[in-house]
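Data file: model.txt. Format and content: compact mmCIF, C-alpha atoms and all ligand atoms.
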# COMPACT_ATOMS: atom_id res chain seq x y z
CA MET A 1 -41.34 22.76 50.89
CA SER A 2 -39.35 19.70 49.97
CA VAL A 3 -37.08 18.13 47.44
CA ASP A 4 -36.87 14.34 47.32
CA VAL A 5 -34.45 12.40 45.17
CA VAL A 6 -34.89 8.91 43.71
CA VAL A 7 -31.58 7.24 42.80
CA GLY A 8 -30.48 3.79 41.68
CA LEU A 9 -28.14 1.96 44.03
CA GLN A 10 -26.79 -0.60 41.55
CA TRP A 11 -25.86 -0.54 37.86
CA GLY A 12 -29.15 0.95 36.70
CA ASP A 13 -32.41 -0.78 35.79
CA GLU A 14 -33.43 -0.99 39.46
CA GLY A 15 -37.00 0.03 38.68
CA LYS A 16 -36.57 3.74 39.38
CA GLY A 17 -39.25 4.62 36.81
CA LYS A 18 -41.96 2.80 38.73
CA ILE A 19 -40.82 4.08 42.13
CA SER A 20 -40.61 7.62 40.77
CA TYR A 21 -44.15 7.24 39.41
CA VAL A 22 -45.43 6.05 42.80
CA LEU A 23 -43.67 8.88 44.64
CA SER A 24 -44.67 11.53 42.08
CA ARG A 25 -48.37 11.32 42.81
CA ASP A 26 -48.34 14.27 45.18
CA ALA A 27 -45.42 16.12 43.58
CA GLU A 28 -45.86 19.34 41.66
CA VAL A 29 -42.80 18.77 39.51
CA VAL A 30 -40.62 15.81 38.58
CA VAL A 31 -37.15 16.39 37.17
CA ARG A 32 -34.61 14.39 35.15
CA PHE A 33 -31.22 15.68 36.28
CA GLN A 34 -28.57 13.75 34.32
CA GLY A 35 -28.02 11.52 31.33
CA GLY A 36 -29.84 11.57 28.04
CA ALA A 37 -31.71 9.04 25.95
CA ASN A 38 -29.47 6.26 27.31
CA ALA A 39 -31.96 5.83 30.17
CA GLY A 40 -35.01 3.64 29.79
CA HIS A 41 -37.65 4.11 32.46
CA THR A 42 -40.77 1.99 32.19
CA VAL A 43 -44.05 2.31 34.04
CA LYS A 44 -46.74 -0.31 33.59
CA ILE A 45 -50.25 0.84 34.32
CA GLY A 46 -52.88 -1.84 33.87
CA GLU A 47 -51.81 -3.70 30.76
CA THR A 48 -49.99 -0.76 29.17
CA ARG A 49 -46.25 -0.15 29.40
CA TYR A 50 -45.10 3.45 29.06
CA LYS A 51 -41.43 3.88 28.19
CA PHE A 52 -39.44 7.03 28.72
CA ASN A 53 -35.91 7.70 27.51
CA MET A 54 -35.84 11.44 28.00
CA LEU A 55 -38.62 12.77 30.19
CA PRO A 56 -38.86 11.72 33.85
CA ALA A 57 -41.21 8.73 34.04
CA GLY A 58 -42.82 10.14 37.18
CA CYS A 59 -44.64 12.72 35.04
CA LEU A 60 -47.16 10.00 34.15
CA ALA A 61 -48.58 10.48 37.64
CA GLY A 62 -49.42 14.10 36.84
CA PRO A 63 -46.60 16.48 37.82
CA ARG A 64 -44.88 18.80 35.37
CA PRO A 65 -41.84 17.19 33.73
CA VAL A 66 -38.60 19.15 33.78
CA ILE A 67 -35.25 18.44 32.12
CA ALA A 68 -32.45 20.10 34.06
CA ALA A 69 -29.08 21.54 33.01
CA GLY A 70 -27.11 18.36 33.69
CA CYS A 71 -29.06 16.38 31.07
CA LEU A 72 -28.35 15.83 27.42
CA LEU A 73 -31.38 16.65 25.34
CA ASP A 74 -32.02 14.13 22.60
CA PRO A 75 -34.48 15.90 20.28
CA GLU A 76 -35.86 12.74 18.68
CA ALA A 77 -36.62 11.04 21.97
CA PHE A 78 -38.08 14.26 23.35
CA GLU A 79 -40.39 14.73 20.38
CA LYS A 80 -41.65 11.18 20.66
CA GLU A 81 -42.42 11.52 24.35
CA LEU A 82 -44.03 14.89 23.83
CA GLN A 83 -46.41 13.16 21.48
CA LEU A 84 -47.13 10.54 24.13
CA LEU A 85 -47.98 13.24 26.69
CA LYS A 86 -50.31 14.89 24.18
CA THR A 87 -52.05 11.58 23.47
CA LEU A 88 -52.52 11.05 27.20
CA GLY A 89 -53.88 14.55 27.65
CA HIS A 90 -51.16 15.49 30.15
CA ARG A 91 -52.03 18.91 31.53
CA HIS A 92 -48.51 20.33 31.83
CA LYS A 93 -46.03 21.61 29.30
CA PRO A 94 -42.52 20.20 29.87
CA LEU A 95 -39.78 22.64 30.81
CA ILE A 96 -36.23 22.20 29.48
CA SER A 97 -33.26 24.06 30.89
CA THR A 98 -31.66 26.45 28.40
CA ALA A 99 -28.37 25.09 29.77
CA ALA A 100 -29.04 21.45 28.78
CA HIS A 101 -26.75 20.33 25.95
CA ILE A 102 -28.09 18.83 22.74
CA VAL A 103 -27.08 15.43 21.38
CA PHE A 104 -26.59 15.46 17.61
CA PRO A 105 -26.26 12.56 15.18
CA LEU A 106 -22.50 13.24 15.08
CA HIS A 107 -22.33 12.40 18.79
CA ARG A 108 -23.98 9.04 18.17
CA GLU A 109 -21.57 8.37 15.32
CA ALA A 110 -18.60 9.31 17.53
CA ASP A 111 -19.94 7.01 20.28
CA ALA A 112 -20.12 4.06 17.88
CA LYS A 113 -16.68 4.83 16.45
CA LEU A 114 -15.10 5.04 19.91
CA GLU A 115 -16.66 1.75 20.92
CA SER A 116 -15.33 -0.05 17.88
CA LEU A 117 -11.88 1.53 18.39
CA ARG A 118 -11.84 0.18 21.94
CA GLY A 119 -12.34 -3.32 20.58
CA GLU A 120 -12.31 -5.85 23.43
CA ALA A 121 -12.19 -3.03 25.97
CA ALA A 122 -15.49 -1.56 24.72
CA VAL A 123 -17.66 -0.11 27.48
CA GLY A 124 -20.84 -1.47 25.95
CA THR A 125 -22.49 1.94 25.71
CA THR A 126 -26.05 2.43 24.59
CA ARG A 127 -24.64 4.29 21.55
CA ARG A 128 -26.87 7.25 22.27
CA GLY A 129 -23.95 9.69 21.94
CA ILE A 130 -23.67 10.25 25.68
CA GLY A 131 -19.86 10.23 26.15
CA PRO A 132 -19.07 12.46 23.15
CA ALA A 133 -21.84 14.97 23.97
CA TYR A 134 -20.66 15.31 27.59
CA ALA A 135 -17.07 15.59 26.33
CA ASP A 136 -18.11 18.52 24.10
CA LYS A 137 -19.85 20.10 27.08
CA MET A 138 -16.65 19.92 29.12
CA LEU A 139 -14.62 21.22 26.17
CA ARG A 140 -17.04 24.15 26.10
CA VAL A 141 -17.87 23.58 22.46
CA GLY A 142 -21.30 21.97 22.84
CA ILE A 143 -24.59 23.50 21.74
CA ARG A 144 -27.14 24.08 24.46
CA VAL A 145 -30.90 24.37 24.11
CA GLY A 146 -30.50 28.09 24.84
CA ASP A 147 -27.91 28.48 22.08
CA LEU A 148 -30.61 27.64 19.52
CA LEU A 149 -32.23 30.92 20.48
CA ALA A 150 -29.00 32.94 20.25
CA ARG A 151 -29.02 33.32 16.49
CA ASN A 152 -25.91 35.53 16.28
CA SER A 153 -23.53 32.91 17.63
CA LEU A 154 -25.26 29.67 16.69
CA GLU A 155 -23.83 29.25 13.22
CA LYS A 156 -20.30 29.79 14.42
CA ARG A 157 -20.74 27.27 17.22
CA ALA A 158 -22.19 24.72 14.84
CA ALA A 159 -19.36 25.26 12.34
CA PHE A 160 -16.75 24.76 15.05
CA LEU A 161 -18.38 21.57 16.30
CA GLN A 162 -18.38 20.16 12.78
CA LYS A 163 -14.72 21.11 12.31
CA LEU A 164 -13.76 19.45 15.59
CA HIS A 165 -15.57 16.22 14.76
CA GLY A 166 -14.69 16.30 11.07
CA ALA A 167 -18.32 15.43 10.46
CA GLU A 168 -21.56 17.04 9.44
CA LEU A 169 -23.95 18.03 12.22
CA ARG A 170 -26.79 16.53 10.19
CA ALA A 171 -29.43 18.47 12.05
CA ASP A 172 -31.71 21.25 10.92
CA LEU A 173 -31.05 23.88 13.59
CA GLU A 174 -34.00 26.00 12.54
CA LYS A 175 -36.30 22.99 12.95
CA LEU A 176 -34.76 22.22 16.33
CA ARG A 177 -35.32 25.79 17.46
CA TYR A 178 -38.96 25.52 16.37
CA LEU A 179 -39.31 22.26 18.33
CA LEU A 180 -37.54 23.30 21.53
CA GLU A 181 -38.13 27.04 21.95
CA PRO A 182 -41.62 26.68 23.47
CA PHE A 183 -40.18 24.49 26.24
CA ALA A 184 -36.88 26.23 26.99
CA GLY A 185 -36.58 28.18 30.21
CA ASN A 186 -34.91 29.05 33.47
CA VAL A 187 -35.09 25.83 35.46
CA PRO A 188 -33.36 26.98 38.69
CA GLY A 189 -35.64 30.04 38.90
CA TYR A 190 -38.76 27.97 38.31
CA LEU A 191 -37.88 25.14 40.70
CA ASN A 192 -36.84 27.44 43.53
CA ASP A 193 -40.15 29.30 43.15
CA VAL A 194 -42.10 26.03 43.29
CA VAL A 195 -40.32 24.96 46.45
CA GLU A 196 -40.61 28.42 48.00
CA SER A 197 -44.37 28.37 47.51
CA GLY A 198 -44.69 25.01 49.23
CA GLY A 199 -44.62 22.64 46.26
CA ARG A 200 -42.93 19.25 46.35
CA VAL A 201 -40.27 18.50 43.76
CA LEU A 202 -39.05 14.99 42.96
CA LEU A 203 -35.68 14.51 41.28
CA GLU A 204 -35.57 11.30 39.22
CA GLY A 205 -32.10 9.84 38.76
CA ALA A 206 -31.10 7.78 35.77
CA GLN A 207 -28.64 4.85 35.50
CA GLY A 208 -27.28 3.89 38.94
CA THR A 209 -24.63 4.79 41.52
CA LEU A 210 -22.16 2.16 40.29
CA LEU A 211 -22.30 3.78 36.83
CA ASP A 212 -21.36 7.21 38.23
CA ILE A 213 -18.44 8.79 36.37
CA ASP A 214 -16.56 9.54 39.63
CA HIS A 215 -17.85 6.94 42.09
CA GLY A 216 -18.65 4.02 39.81
CA THR A 217 -16.67 1.23 38.20
CA TYR A 218 -14.70 3.51 35.83
CA PRO A 219 -14.19 3.24 32.87
CA TYR A 220 -17.26 0.97 32.68
CA VAL A 221 -19.61 3.77 33.66
CA THR A 222 -21.75 6.42 32.05
CA SER A 223 -20.46 9.97 31.53
CA SER A 224 -22.40 11.81 34.22
CA ASN A 225 -22.73 11.91 38.00
CA THR A 226 -25.66 9.66 38.77
CA VAL A 227 -25.60 10.22 42.54
CA ALA A 228 -28.17 12.22 44.51
CA ALA A 229 -25.92 15.25 45.09
CA ASN A 230 -25.88 15.91 41.36
CA GLY A 231 -29.64 16.37 41.52
CA PHE A 232 -28.96 19.64 43.36
CA VAL A 233 -26.03 20.71 41.17
CA SER A 234 -27.96 20.08 37.97
CA THR A 235 -31.23 21.75 38.99
CA GLY A 236 -29.81 24.74 40.82
CA LEU A 237 -31.79 23.81 43.92
CA PRO A 238 -29.68 24.39 47.03
CA ILE A 239 -28.88 21.26 49.05
CA SER A 240 -30.57 22.87 52.06
CA ARG A 241 -33.87 22.00 50.32
CA LYS A 242 -33.18 18.30 50.64
CA GLN A 243 -35.86 16.23 52.32
CA LEU A 244 -35.53 12.53 51.49
CA ILE A 245 -33.07 10.52 49.41
CA ILE A 246 -34.79 7.34 48.28
CA GLY A 247 -32.42 4.62 47.06
CA VAL A 248 -33.82 1.95 44.75
CA ALA A 249 -32.32 -1.55 44.66
CA LYS A 250 -33.49 -4.75 43.06
CA ALA A 251 -33.70 -7.87 45.26
CA TYR A 252 -30.83 -9.14 43.07
CA THR A 253 -28.39 -7.35 40.78
CA THR A 254 -28.13 -6.78 37.04
CA ARG A 255 -25.67 -5.05 34.80
CA VAL A 256 -25.80 -4.27 31.10
CA GLY A 257 -22.59 -3.53 29.26
CA ALA A 258 -19.05 -4.53 30.19
CA GLY A 259 -17.20 -4.17 33.50
CA PRO A 260 -16.58 -6.00 36.76
CA PHE A 261 -19.54 -7.67 38.47
CA PRO A 262 -18.44 -9.63 41.58
CA THR A 263 -21.73 -11.42 42.21
CA GLU A 264 -22.46 -12.32 38.59
CA ALA A 265 -24.24 -15.65 38.20
CA THR A 266 -24.48 -17.79 35.12
CA GLY A 267 -26.39 -20.92 34.21
CA GLN A 268 -29.92 -22.00 34.86
CA VAL A 269 -30.77 -19.77 37.81
CA ALA A 270 -29.44 -16.67 36.04
CA ASP A 271 -31.41 -17.54 32.89
CA LEU A 272 -34.55 -18.09 34.94
CA ILE A 273 -34.20 -14.72 36.67
CA ARG A 274 -33.50 -12.99 33.34
CA GLU A 275 -36.64 -14.41 31.76
CA ARG A 276 -38.89 -13.90 34.75
CA GLY A 277 -37.62 -10.41 35.41
CA GLY A 278 -37.74 -9.37 31.74
CA GLU A 279 -34.08 -8.43 32.11
CA TYR A 280 -33.49 -7.02 28.66
CA GLY A 281 -32.43 -3.40 28.11
CA THR A 282 -35.33 -0.95 27.69
CA THR A 283 -33.22 1.23 25.38
CA THR A 284 -31.19 -1.36 23.49
CA GLY A 285 -32.92 -4.72 24.04
CA ARG A 286 -29.61 -6.27 25.18
CA PRO A 287 -29.87 -9.19 27.64
CA ARG A 288 -28.76 -8.01 31.08
CA ARG A 289 -26.11 -9.82 33.09
CA ILE A 290 -27.60 -11.31 36.26
CA GLY A 291 -26.17 -11.62 39.77
CA TRP A 292 -27.00 -11.89 43.44
CA LEU A 293 -27.40 -8.99 45.82
CA ASP A 294 -24.07 -7.41 46.75
CA ILE A 295 -24.13 -5.95 50.27
CA PRO A 296 -20.70 -4.22 50.22
CA ALA A 297 -21.67 -2.49 46.96
CA LEU A 298 -25.10 -1.48 48.28
CA ARG A 299 -23.67 -0.17 51.54
CA TYR A 300 -21.23 1.93 49.52
CA ALA A 301 -24.06 3.26 47.33
CA CYS A 302 -26.14 4.17 50.41
CA MET A 303 -23.16 6.01 51.87
CA ILE A 304 -22.32 7.99 48.72
CA ASN A 305 -25.92 9.07 48.19
CA GLY A 306 -26.81 9.62 51.84
CA VAL A 307 -29.80 7.34 51.41
CA ASP A 308 -32.58 7.89 53.95
CA THR A 309 -34.79 5.02 52.90
CA VAL A 310 -34.65 2.14 50.45
CA ALA A 311 -37.20 0.77 47.98
CA VAL A 312 -36.59 -2.89 47.08
CA THR A 313 -37.97 -3.96 43.73
CA LYS A 314 -38.64 -7.25 41.96
CA GLY A 315 -38.87 -9.45 45.05
CA ASP A 316 -41.48 -11.43 43.10
CA VAL A 317 -38.93 -12.40 40.42
CA LEU A 318 -37.05 -14.56 42.95
CA SER A 319 -40.28 -16.28 44.00
CA SER A 320 -40.11 -20.11 44.13
CA LEU A 321 -36.32 -20.32 44.09
CA PRO A 322 -35.40 -22.82 46.84
CA THR A 323 -32.56 -20.58 48.04
CA VAL A 324 -31.63 -16.97 47.51
CA LYS A 325 -28.06 -15.77 47.96
CA ALA A 326 -26.54 -12.46 48.97
CA CYS A 327 -22.86 -11.52 49.07
CA VAL A 328 -21.90 -10.26 52.52
CA ARG A 329 -18.17 -9.66 52.03
CA TYR A 330 -15.34 -10.26 49.61
CA VAL A 331 -12.05 -12.09 49.76
CA VAL A 332 -9.17 -10.12 48.25
CA ASP A 333 -5.53 -11.28 48.41
CA GLY A 334 -6.68 -14.04 50.76
CA VAL A 335 -8.12 -11.55 53.24
CA GLU A 336 -11.81 -10.98 54.00
CA THR A 337 -13.22 -7.47 53.66
CA GLU A 338 -16.61 -5.78 53.80
CA SER A 339 -15.34 -2.78 51.86
CA PHE A 340 -16.35 -2.05 48.29
CA GLY A 341 -14.71 1.38 48.11
CA ASP A 342 -11.22 0.10 48.99
CA PHE A 343 -11.28 -2.24 45.99
CA LEU A 344 -13.19 -0.20 43.43
CA HIS A 345 -10.05 0.06 41.28
CA ARG A 346 -9.57 -3.73 41.18
CA LEU A 347 -13.04 -5.11 41.58
CA ASP A 348 -12.38 -7.90 39.10
CA GLU A 349 -10.06 -9.49 41.71
CA VAL A 350 -12.59 -9.81 44.55
CA GLN A 351 -14.28 -13.11 45.38
CA PRO A 352 -17.76 -12.92 46.89
CA VAL A 353 -18.68 -14.71 50.12
CA TYR A 354 -22.36 -15.58 50.21
CA GLU A 355 -25.05 -16.10 52.81
CA GLU A 356 -28.03 -18.21 51.81
CA PHE A 357 -31.68 -17.62 52.56
CA ARG A 358 -34.75 -19.77 52.30
CA GLY A 359 -36.79 -18.77 49.26
CA TRP A 360 -40.35 -17.53 49.25
CA SER A 361 -43.24 -17.89 46.97
CA MET A 362 -45.62 -15.20 45.84
CA ASP A 363 -48.76 -15.94 43.91
CA GLU A 364 -51.07 -13.38 42.38
CA ALA A 365 -53.65 -13.64 45.19
CA GLY A 366 -50.97 -13.32 47.90
CA LEU A 367 -49.50 -10.28 46.22
CA ARG A 368 -52.86 -8.56 45.96
CA ARG A 369 -53.49 -9.29 49.65
CA ALA A 370 -50.16 -7.72 50.59
CA VAL A 371 -50.90 -4.67 48.46
CA GLU A 372 -54.30 -4.22 50.12
CA LYS A 373 -53.48 -5.15 53.69
CA GLY A 374 -49.86 -4.09 53.95
CA TRP A 375 -46.37 -5.16 54.82
CA ASP A 376 -47.25 -7.95 57.28
CA GLU A 377 -48.95 -9.89 54.50
CA LEU A 378 -45.72 -10.25 52.53
CA PRO A 379 -44.37 -13.83 52.57
CA PRO A 380 -42.51 -14.33 55.89
CA ASN A 381 -39.25 -15.47 54.24
CA PHE A 382 -39.26 -12.40 52.02
CA ARG A 383 -39.90 -10.15 55.01
CA GLU A 384 -37.02 -11.81 56.83
CA TYR A 385 -34.79 -11.17 53.83
CA LEU A 386 -35.79 -7.48 53.83
CA GLU A 387 -35.29 -7.13 57.57
CA TRP A 388 -31.87 -8.76 57.28
CA LEU A 389 -31.04 -6.36 54.44
CA GLU A 390 -32.07 -3.38 56.55
CA LYS A 391 -29.66 -4.45 59.27
CA GLN A 392 -26.86 -4.90 56.75
CA LEU A 393 -27.41 -1.48 55.21
CA ARG A 394 -28.37 0.29 58.43
CA VAL A 395 -31.12 2.04 56.47
CA ASN A 396 -34.82 1.34 56.69
CA ILE A 397 -36.72 -0.22 53.80
CA SER A 398 -40.03 1.52 53.27
CA ILE A 399 -41.21 0.23 49.90
CA ALA A 400 -41.34 -3.25 48.39
CA SER A 401 -42.28 -3.42 44.74
CA VAL A 402 -43.60 -6.90 44.02
CA GLY A 403 -44.59 -6.74 40.38
CA GLU A 404 -44.17 -4.67 37.29
CA GLU A 405 -47.60 -3.10 37.42
CA ALA A 406 -47.59 0.23 39.24
CA SER A 407 -50.17 -0.78 41.86
CA LEU A 408 -48.12 -3.83 42.92
CA THR A 409 -46.30 -1.80 45.52
CA VAL A 410 -46.34 -2.33 49.27
CA THR A 411 -45.54 0.65 51.43
CA ARG A 412 -44.56 0.15 55.03
CA LYS A 413 -46.56 2.26 57.44
P1 LIG B 501 -23.66 5.20 27.95
O1 LIG B 501 -24.34 5.88 29.08
O2 LIG B 501 -24.56 4.94 26.78
O3 LIG B 501 -22.40 5.90 27.55
O4 LIG B 501 -23.20 3.74 28.46
C1 LIG B 501 -22.22 3.56 29.46
C2 LIG B 501 -22.56 2.37 30.35
O5 LIG B 501 -23.73 2.69 31.11
C3 LIG B 501 -22.87 1.09 29.59
O6 LIG B 501 -22.43 -0.01 30.36
C4 LIG B 501 -24.38 1.10 29.51
O7 LIG B 501 -24.91 -0.20 29.38
C5 LIG B 501 -24.72 1.69 30.86
N1 LIG B 501 -26.03 2.37 30.90
C6 LIG B 501 -26.36 3.56 30.37
N2 LIG B 501 -27.63 3.85 30.61
C7 LIG B 501 -28.14 2.83 31.31
C8 LIG B 501 -29.42 2.56 31.89
O8 LIG B 501 -30.37 3.34 31.81
N3 LIG B 501 -29.53 1.37 32.54
C9 LIG B 501 -28.50 0.51 32.68
N4 LIG B 501 -27.29 0.71 32.18
C10 LIG B 501 -27.11 1.88 31.50
What's the structure tokens form of this structure?
Ligand code: IMP
Amino acid sequence: MSVDVVVGLQWGDEGKGKISYVLSRDAEVVVRFQGGANAGHTVKIGETRYKFNMLPAGCLAGPRPVIAAGCLLDPEAFEKELQLLKTLGHRHKPLISTAAHIVFPLHREADAKLESLRGEAAVGTTRRGIGPAYADKMLRVGIRVGDLLARNSLEKRAAFLQKLHGAELRADLEKLRYLLEPFAGNVPGYLNDVVESGGRVLLEGAQGTLLDIDHGTYPYVTSSNTVAANGFVSTGLPISRKQLIIGVAKAYTTRVGAGPFPTEATGQVADLIRERGGEYGTTTGRPRRIGWLDIPALRYACMINGVDTVAVTKGDVLSSLPTVKACVRYVVDGVETESFGDFLHRLDEVQPVYEEFRGWSMDEAGLRRAVEKGWDELPPNFREYLEWLEKQLRVNISIASVGEEASLTVTRK
């Protein structure tokens, strides 16, 4: 009887898809609990990359995929991924909460319009209609998956939404009902039954803690709560079911879109990391901004989520760099501080103070050895870096992902 949560500790793109896949192997159900088709979770198995924008990527490992109330259902993305599951012969039918709101083309249009209105202050959204669709949810004018089945009120709701936006919905509601009705259901009832009967449920977060609408670098954030606690709010699972919160962090940092980024690096090293790490947006193809690890930010993310254990990804990308840097504190107004939270509202004023580490090198054969024989076979300098990181975060690191392919994962016994 357990509920585990996988969350990103940075600005998204930490490799949650892969970690969720690895941790989903013995789960009965895996759940997306926030966001919509702005997320891009990739799992590489063998030579094939599977990309998910809507369904939880962990479902590739076998469990039933669920989309909870706190998500925005993007019908196009869902239909595409449904097709993928069919092609793969996945044995479960996805379940979508009747309370999940639907993203319509008018939301995407509003997203693009808002971004161009903001001009230089644009957030750099994925233009998937996320902000406007969540705004309609909060205004209590949105259309939920369940509303498609309530024929008496649907037309009126749709008419009001069009009036409010001054735009056509441009969606065939009858077709949407036909698409979504077979999957719509009572997610809290189902999940609580699974847990009650001894099943394991994994909640797969999207984006990252620093993009959280309340706890992130507002306004350069997404429009939902990305933190672990929202996994319980969104699914209707009580927090007393909580077992493990697994935080995922890259061995460095990336950010896509605008906003402050204290440890941002530019130049040759940043370009090298971007190319080696394939740091281009899964959803939009945009090049990601690159930076060093930021300890104050990570410590803050561990605190907000209540992280029990950390998975560090992409250690291999830094391989062969002579030195690796990590920010240990900031200087603000001439004073040193280890606090991220105190300066969240003026993060663009902080100056990072770095510690340097000797680099490591990982070749294919060494990586395979570490995967087969375990943690102690990881390159000593990399292990030292991880052990140092553990001390800084005061949380143990139990997983090191050392390559894109799903099997390139070292679990600490
Ligand atoms: P939105 O979620 O499309 O509204 O975008 C808001 C901000 O969150 C932008 O900076 C996006 O680049 C960022 N963002 C949204 N989804 C992801 C993601 O899956 N990975 C990384 N950044 C994301």
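The smallest atom-to-atom distance between A:Phe52 and any of A:Glu204, A:Val6, A:Thr253, A:Leu23, using only C-alpha atoms, is found for A:Glu204.
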**Message:** Can you pull out every residue with an atom within 7 Å of ligand LIG 501 (chain B)? Use only C-alpha atoms and all ligand atoms and format it as a ChimeraX atom specification.
**Reply:** /A:11-13,38-40,123-131,206-207,211,220-223,255-258
**Interatomic distance, atom CA of A:Glu349 to atom CA of A:Thr209 (Å, one decimal)** = 20.4 Å
**Request:** Just the residues within 10 Å of A:Pro238, please, counting only C-alpha atoms, with nothing from its chain fewer than 4 positions along; format it as an NGL selection string.
**Result:** :A and (3 or 188 or 192 or 231-233 or 242)
**Asked** What residues have an atom no more than 10 Å from (-47.6, -5.0, 34.5) in the file's own frame, counting all atoms listed in the file, and can you write them as a PyMOL selection string?
**Response** chain A and resi 43-49+403-408
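Of the listed residues (A:Leu272, A:Leu237, A:Ile245, A:Leu161), A:Ile245 comes nearest to A:Gly205; the distances count all atoms listed in the file.
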**Item:** Which residue of A:Val227, A:Leu154, A:Ile295, A:Ala171 approaches A:Asp214 most closely, using all atoms listed in the file
**Value:**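 Smallest distance to A:Asp214 is found for A:Val227.
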**Message:** So the first atom is atom CA of A:Gly277 and the second is atom CA of A:Glu14; what is the distance between them in Å, to one decimal place?
**Reply:** 11.1 Å
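Distance annotation: of A:Gln162, A:Ser339, A:Thr323, A:Asn381, the residue with the minimal separation from A:Glu355 is A:Thr323; atom set is only C-alpha atoms.
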**Asked** How far is it from atom CA of A:His101 to atom CA of A:Leu55, in Å with one decimal?
**Response**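 Taking atom CA of A:His101 and atom CA of A:Leu55, their separation equals 14.7 Å.
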**Request:** Fewer than 4 positions away in the same chain doesn't count, so skip those; otherwise give me all residues within 9 Å of A:Gly359, counting only C-alpha atoms, as an MDAnalysis selection string.
**Result:** chainID A and resid 318:324 381:382
**Item:** Selection near A:His107, 8 Å with only C-alpha atoms, sequence-local residues under 2 positions removed, as a list in words
**Value:**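 Final neighbour list, sorted by chain and number: Val103, Phe104, Pro105, Glu109, Ala110, Asp111, Arg128, Gly129, Ile130, Pro132 and Ala133 of chain A.
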